[in-house]
2 protein chains.
Amino acid sequence: MAGRPKIFDEQEVIAKASNIFWEKGYEAASSEELLKAMGIGKGSFYLFFKGGKKELYEKSLKQYANNLLSSIRKDISESDNPIEYLKKFFFQLADTTNIHKAKGCFMGNALVEMATKDEYTKQLVAGLLNELEIIFINTVEKAKEDNLLMTNKSSKLIGSHLLNLWNGLNVTRRMDADDASLEALIKFNLEILT
Amino acid sequence: MAGRPKIFDEQEVIAKASNIFWEKGYEAASSEELLKAMGIGKGSFYLFFKGGKKELYEKSLKQYANNLLSSIRKDISESDNPIEYLKKFFFQLADTTNIHKAKGCFMGNALVEMATKDEYTKQLVAGLLNELEIIFINTVEKAKEDNLLMTNKSSKLIGSHLLNLWNGLNVTRRMDADDASLEALIKFNLEILT
DNA sequence: CCTATTTTGTACCATTTGGTACATAATTAA
DNA sequence: TTAATTATGTACCAAATGGTACAAAATAGG
């Protein structure tokens, strides 16, 4: 294989672009700052991302989501009490020291921005969030089987509740409520997991 | 008072601009389409909105929110069962025939878009959403006094839960879930009002 | 060492952006 | 009728946008 060698790794530059997109959203992230963050020039970028900014955005969302989902799946499968894991997962949203506090959920942000702007991307993001919901549902279902959880509510209902809680908290916490209020709110919404 | 007469009403043009901002967000709403929707030219616009697009956006948010809040307060004060009113208020979010289904909540959208972009506007919107929360809290509090509601949870907790539910549903329903699932989700989250 | 191949960096570009300048139109008060 | 005042419409503008063209650089194989 001849040719000048690439100076970047695709996954790495996508990860760097993700941070910009997550913080600023699609439109507000200029290609200039994206390129700067990625550390590559326009020549290379448009050679490897023929779809331009939109392609980069979609790949950012997919990669970020898949990493997150994989990480959660792994943690749950390794946990001896998945319900407790879920609780911690939500309580982290009340932690002010969390770096990502003001950024919300990358997928949720994208859903809001793309909902009226780009049907394809919206469906893509909706699918990713759906995968998170499925994780919730499966985790709850298995916990029931393992007698870790007693409830007459369906796993589907609880899973959809958890996803909606996730979506809501990622908006609500941007109102700068104090940690204690958020914690009480989360605790209340997780009583179903008791 | 001398001078050429105005051809527009400020509140009316703000309302028209609100529809564009609500649907597209701040950045994606171009001044061209805003002006077109408002039916006025640049000359008039920049004369009355010295702050330009940003001022228009903020006034749109304030006016929309104040109208909504006033309307809700009025409905509640006239209702003989405010708790039932609240339930209907939420169940409308599961109605597909609702015109605004895909648009989410104007304030929630703005909070997401402005959170990392403009601290002032973010605080403004957070304040407006807070007013909605206060309505929830006061309504619940009064319902308790009137024995319309029995619960050992604080009104503040329930109010914050309702606001978070509102925020969540306005994101979640953009995933195009079917009405029945959304209804079940809402029903579950409103059991506290039973 | 030369050639084919692949990547890189930069100069360039059309379009769109929000916003301004200013002449003109439409009023009222004197 | 005229002068002062206020609103309107349009021509214009600098800056920023995402994207393209292309020459130069860096490699591998022959």
# chains A, B, ... in the order shown; residues from 1 in each chain; ligands from 1
call {"tool": "interface_residues", "arguments": {"of": "chain B", "to": "chain D", "cutoff": "8 Å", "atoms": "only C-alpha atoms (C1' of nucleotides)", "output": "compact mmCIF listing (two decimals) with N, CA and C atoms, in the first residue's frame"}}
result
# COMPACT_ATOMS: atom_id res chain seq x y z
N ALA B 2 -47.15 63.22 15.96
CA ALA B 2 -46.99 63.19 14.51
C ALA B 2 -46.28 61.91 14.07
N GLY B 3 -46.06 61.77 12.79
CA GLY B 3 -45.31 60.63 12.28
C GLY B 3 -46.13 59.61 11.54
N ARG B 4 -45.49 58.94 10.64
CA ARG B 4 -46.14 57.89 9.86
C ARG B 4 -46.64 56.80 10.80
N PRO B 5 -47.82 56.29 10.54
CA PRO B 5 -48.39 55.29 11.46
C PRO B 5 -47.76 53.91 11.31
N LYS B 6 -47.65 53.23 12.44
CA LYS B 6 -47.17 51.85 12.46
C LYS B 6 -48.16 50.96 11.72
N GLY B 41 -40.84 44.84 7.39
CA GLY B 41 -39.54 44.93 6.76
C GLY B 41 -38.43 45.20 7.77
N LYS B 42 -37.22 45.16 7.28
CA LYS B 42 -36.08 45.34 8.18
C LYS B 42 -36.07 46.72 8.83
N GLY B 43 -36.46 47.71 8.04
CA GLY B 43 -36.47 49.07 8.57
C GLY B 43 -37.28 49.17 9.84
N SER B 44 -38.50 48.69 9.77
CA SER B 44 -39.37 48.75 10.95
C SER B 44 -38.83 47.87 12.07
call {"tool": "select_by_dssp", "arguments": {"residues": "chain B", "states": "helix (DSSP H, G or I)", "output": "ChimeraX atom specification"}}
result
/B:10-24,31-38,42-48,52-78,82-94,101-103,106-114,119-145,155-175,179-189,191-193
call {"tool": "residues_around", "arguments": {"residues": "Tyr120 in chain B", "least_positions_apart": "3", "cutoff": "12 Å", "atoms": "only C-alpha atoms (C1' of nucleotides)", "output": "MDAnalysis selection string"}}
result
chainID B and resid 54:55 58 110:111 114:117 123:127
call {"tool": "closest_residue", "arguments": {"among": "C:DA14, C:DC1, C:DA26, C:DA21", "to": "chain B", "atoms": "only C-alpha atoms (C1' of nucleotides)"}}
result
C:DA26
call {"tool": "atom_distance", "arguments": {"atom1": "CA of Lys187 in chain B", "atom2": "CA of Val112 in chain A"}}
result
23.8 Å
call {"tool": "residues_around", "arguments": {"residues": "range 33-39 of chain A", "least_positions_apart": "4", "cutoff": "10 Å", "atoms": "only C-alpha atoms (C1' of nucleotides)", "output": "ChimeraX atom specification"}}
result
/A:7-10,12-21,29,44-45,53,56
call {"tool": "write_last_selection", "arguments": {"atoms": "N, CA and C atoms", "output": "PDB file, in the first residue's frame"}}
result
ATOM      1  N   ILE A   7      -2.507  10.913   9.292  1.00  0.00           N
ATOM      2  CA  ILE A   7      -1.939  11.382  10.556  1.00  0.00           C
ATOM      3  C   ILE A   7      -2.961  11.319  11.681  1.00  0.00           C
ATOM      4  N   PHE A   8      -4.130  10.727  11.389  1.00  0.00           N
ATOM      5  CA  PHE A   8      -5.145  10.679  12.442  1.00  0.00           C
ATOM      6  C   PHE A   8      -5.895   9.352  12.437  1.00  0.00           C
ATOM      7  N   ASP A   9      -6.508   9.091  13.580  1.00  0.00           N
ATOM      8  CA  ASP A   9      -7.339   7.902  13.716  1.00  0.00           C
ATOM      9  C   ASP A   9      -8.795   8.356  13.671  1.00  0.00           C
ATOM     10  N   GLU A  10      -9.546   7.695  12.839  1.00  0.00           N
ATOM     11  CA  GLU A  10     -10.925   8.123  12.604  1.00  0.00           C
ATOM     12  C   GLU A  10     -11.750   8.173  13.899  1.00  0.00           C
ATOM     13  N   GLU A  12     -10.763   8.479  16.898  1.00  0.00           N
ATOM     14  CA  GLU A  12     -10.294   9.528  17.806  1.00  0.00           C
ATOM     15  C   GLU A  12     -10.814  10.902  17.416  1.00  0.00           C
ATOM     16  N   VAL A  13     -10.731  11.213  16.114  1.00  0.00           N
ATOM     17  CA  VAL A  13     -11.193  12.546  15.706  1.00  0.00           C
ATOM     18  C   VAL A  13     -12.716  12.659  15.849  1.00  0.00           C
ATOM     19  N   ILE A  14     -13.412  11.561  15.646  1.00  0.00           N
ATOM     20  CA  ILE A  14     -14.866  11.589  15.848  1.00  0.00           C
ATOM     21  C   ILE A  14     -15.171  11.866  17.321  1.00  0.00           C
ATOM     22  N   ALA A  15     -14.402  11.241  18.192  1.00  0.00           N
ATOM     23  CA  ALA A  15     -14.607  11.471  19.625  1.00  0.00           C
ATOM     24  C   ALA A  15     -14.376  12.935  19.979  1.00  0.00           C
ATOM     25  N   LYS A  16     -13.357  13.521  19.356  1.00  0.00           N
ATOM     26  CA  LYS A  16     -13.081  14.924  19.634  1.00  0.00           C
ATOM     27  C   LYS A  16     -14.183  15.828  19.095  1.00  0.00           C
ATOM     28  N   ALA A  17     -14.667  15.484  17.923  1.00  0.00           N
ATOM     29  CA  ALA A  17     -15.781  16.261  17.359  1.00  0.00           C
ATOM     30  C   ALA A  17     -17.032  16.109  18.222  1.00  0.00           C
ATOM     31  N   SER A  18     -17.214  14.932  18.791  1.00  0.00           N
ATOM     32  CA  SER A  18     -18.396  14.682  19.627  1.00  0.00           C
ATOM     33  C   SER A  18     -18.497  15.678  20.770  1.00  0.00           C
ATOM     34  N   ASN A  19     -17.347  15.967  21.366  1.00  0.00           N
ATOM     35  CA  ASN A  19     -17.362  16.915  22.489  1.00  0.00           C
ATOM     36  C   ASN A  19     -17.897  18.274  22.073  1.00  0.00           C
ATOM     37  N   ILE A  20     -17.492  18.708  20.888  1.00  0.00           N
ATOM     38  CA  ILE A  20     -17.971  20.001  20.385  1.00  0.00           C
ATOM     39  C   ILE A  20     -19.468  19.934  20.088  1.00  0.00           C
ATOM     40  N   PHE A  21     -19.862  18.888  19.383  1.00  0.00           N
ATOM     41  CA  PHE A  21     -21.275  18.746  19.029  1.00  0.00           C
ATOM     42  C   PHE A  21     -22.139  18.622  20.285  1.00  0.00           C
ATOM     43  N   ALA A  29     -22.037  24.419  16.084  1.00  0.00           N
ATOM     44  CA  ALA A  29     -20.650  23.949  16.003  1.00  0.00           C
ATOM     45  C   ALA A  29     -20.117  24.259  14.623  1.00  0.00           C
ATOM     46  N   SER A  44      -7.912  16.780   4.445  1.00  0.00           N
ATOM     47  CA  SER A  44      -8.100  15.427   4.973  1.00  0.00           C
ATOM     48  C   SER A  44      -9.554  15.167   5.334  1.00  0.00           C
ATOM     49  N   PHE A  45     -10.144  16.158   5.982  1.00  0.00           N
ATOM     50  CA  PHE A  45     -11.503  15.956   6.455  1.00  0.00           C
ATOM     51  C   PHE A  45     -12.467  15.594   5.335  1.00  0.00           C
ATOM     52  N   LYS A  53     -20.111  17.882   7.246  1.00  0.00           N
ATOM     53  CA  LYS A  53     -20.468  18.084   8.653  1.00  0.00           C
ATOM     54  C   LYS A  53     -21.573  17.136   9.113  1.00  0.00           C
ATOM     55  N   LEU A  56     -20.253  13.730   9.826  1.00  0.00           N
ATOM     56  CA  LEU A  56     -19.480  13.758  11.065  1.00  0.00           C
ATOM     57  C   LEU A  56     -20.411  13.747  12.275  1.00  0.00           C
TER      58      LEU A  56
END
call {"tool": "closest_atom_pairs", "arguments": {"of": "chain B", "to": "chain A", "cutoff": "6 Å", "atoms": "only C-alpha atoms", "output": "tab-separated table"}}
result
residue	atom	partner	partner_atom	distance
B:Ala126	CA	A:Met175	CA	5.1
B:Asn164	CA	A:Gly168	CA	5.3
B:Asn167	CA	A:Gly168	CA	4.9
B:Gly168	CA	A:Gly168	CA	3.4
B:Thr172	CA	A:Asn164	CA	6.0
B:Met175	CA	A:Ala126	CA	5.1
call {"tool": "write_last_selection", "arguments": {"atoms": "N, CA and C atoms", "output": "short mmCIF file (atom, residue, chain, number, x, y, z; two decimals), in the first residue's frame"}}
result
data_model
loop_
_atom_site.label_atom_id
_atom_site.label_comp_id
_atom_site.auth_asym_id
_atom_site.auth_seq_id
_atom_site.Cartn_x
_atom_site.Cartn_y
_atom_site.Cartn_z
N ALA B 126 -35.22 29.46 32.33
CA ALA B 126 -35.31 28.67 33.56
C ALA B 126 -36.33 29.29 34.50
N ASN B 164 -40.67 18.06 35.87
CA ASN B 164 -39.71 17.16 35.23
C ASN B 164 -40.42 16.20 34.27
N ASN B 167 -41.01 18.21 31.18
CA ASN B 167 -39.77 18.32 30.40
C ASN B 167 -39.44 17.01 29.69
N GLY B 168 -39.60 15.94 30.40
CA GLY B 168 -39.27 14.64 29.82
C GLY B 168 -40.20 14.28 28.67
N THR B 172 -39.39 12.98 25.04
CA THR B 172 -39.69 11.58 24.73
C THR B 172 -40.71 11.41 23.61
N MET B 175 -39.78 10.89 20.01
CA MET B 175 -39.26 9.62 19.53
C MET B 175 -40.32 8.85 18.76
#
call {"tool": "residues_around", "arguments": {"residues": "Asp95 in chain B", "least_positions_apart": "3", "cutoff": "7 Å", "atoms": "only C-alpha atoms (C1' of nucleotides)", "output": "list in words"}}
result
Gln92, Asn98 and Asp179 of chain B
call {"tool": "interface_residues", "arguments": {"of": "chain C", "to": "chain B", "cutoff": "12 Å", "atoms": "only C-alpha atoms (C1' of nucleotides)", "output": "VMD selection string"}}
result
chain C and resid 16 to 22 24 to 30
call {"tool": "atom_distance", "arguments": {"atom1": "CA of Ala143 in chain B", "atom2": "CA of Phe91 in chain B"}}
result
19.3 Å
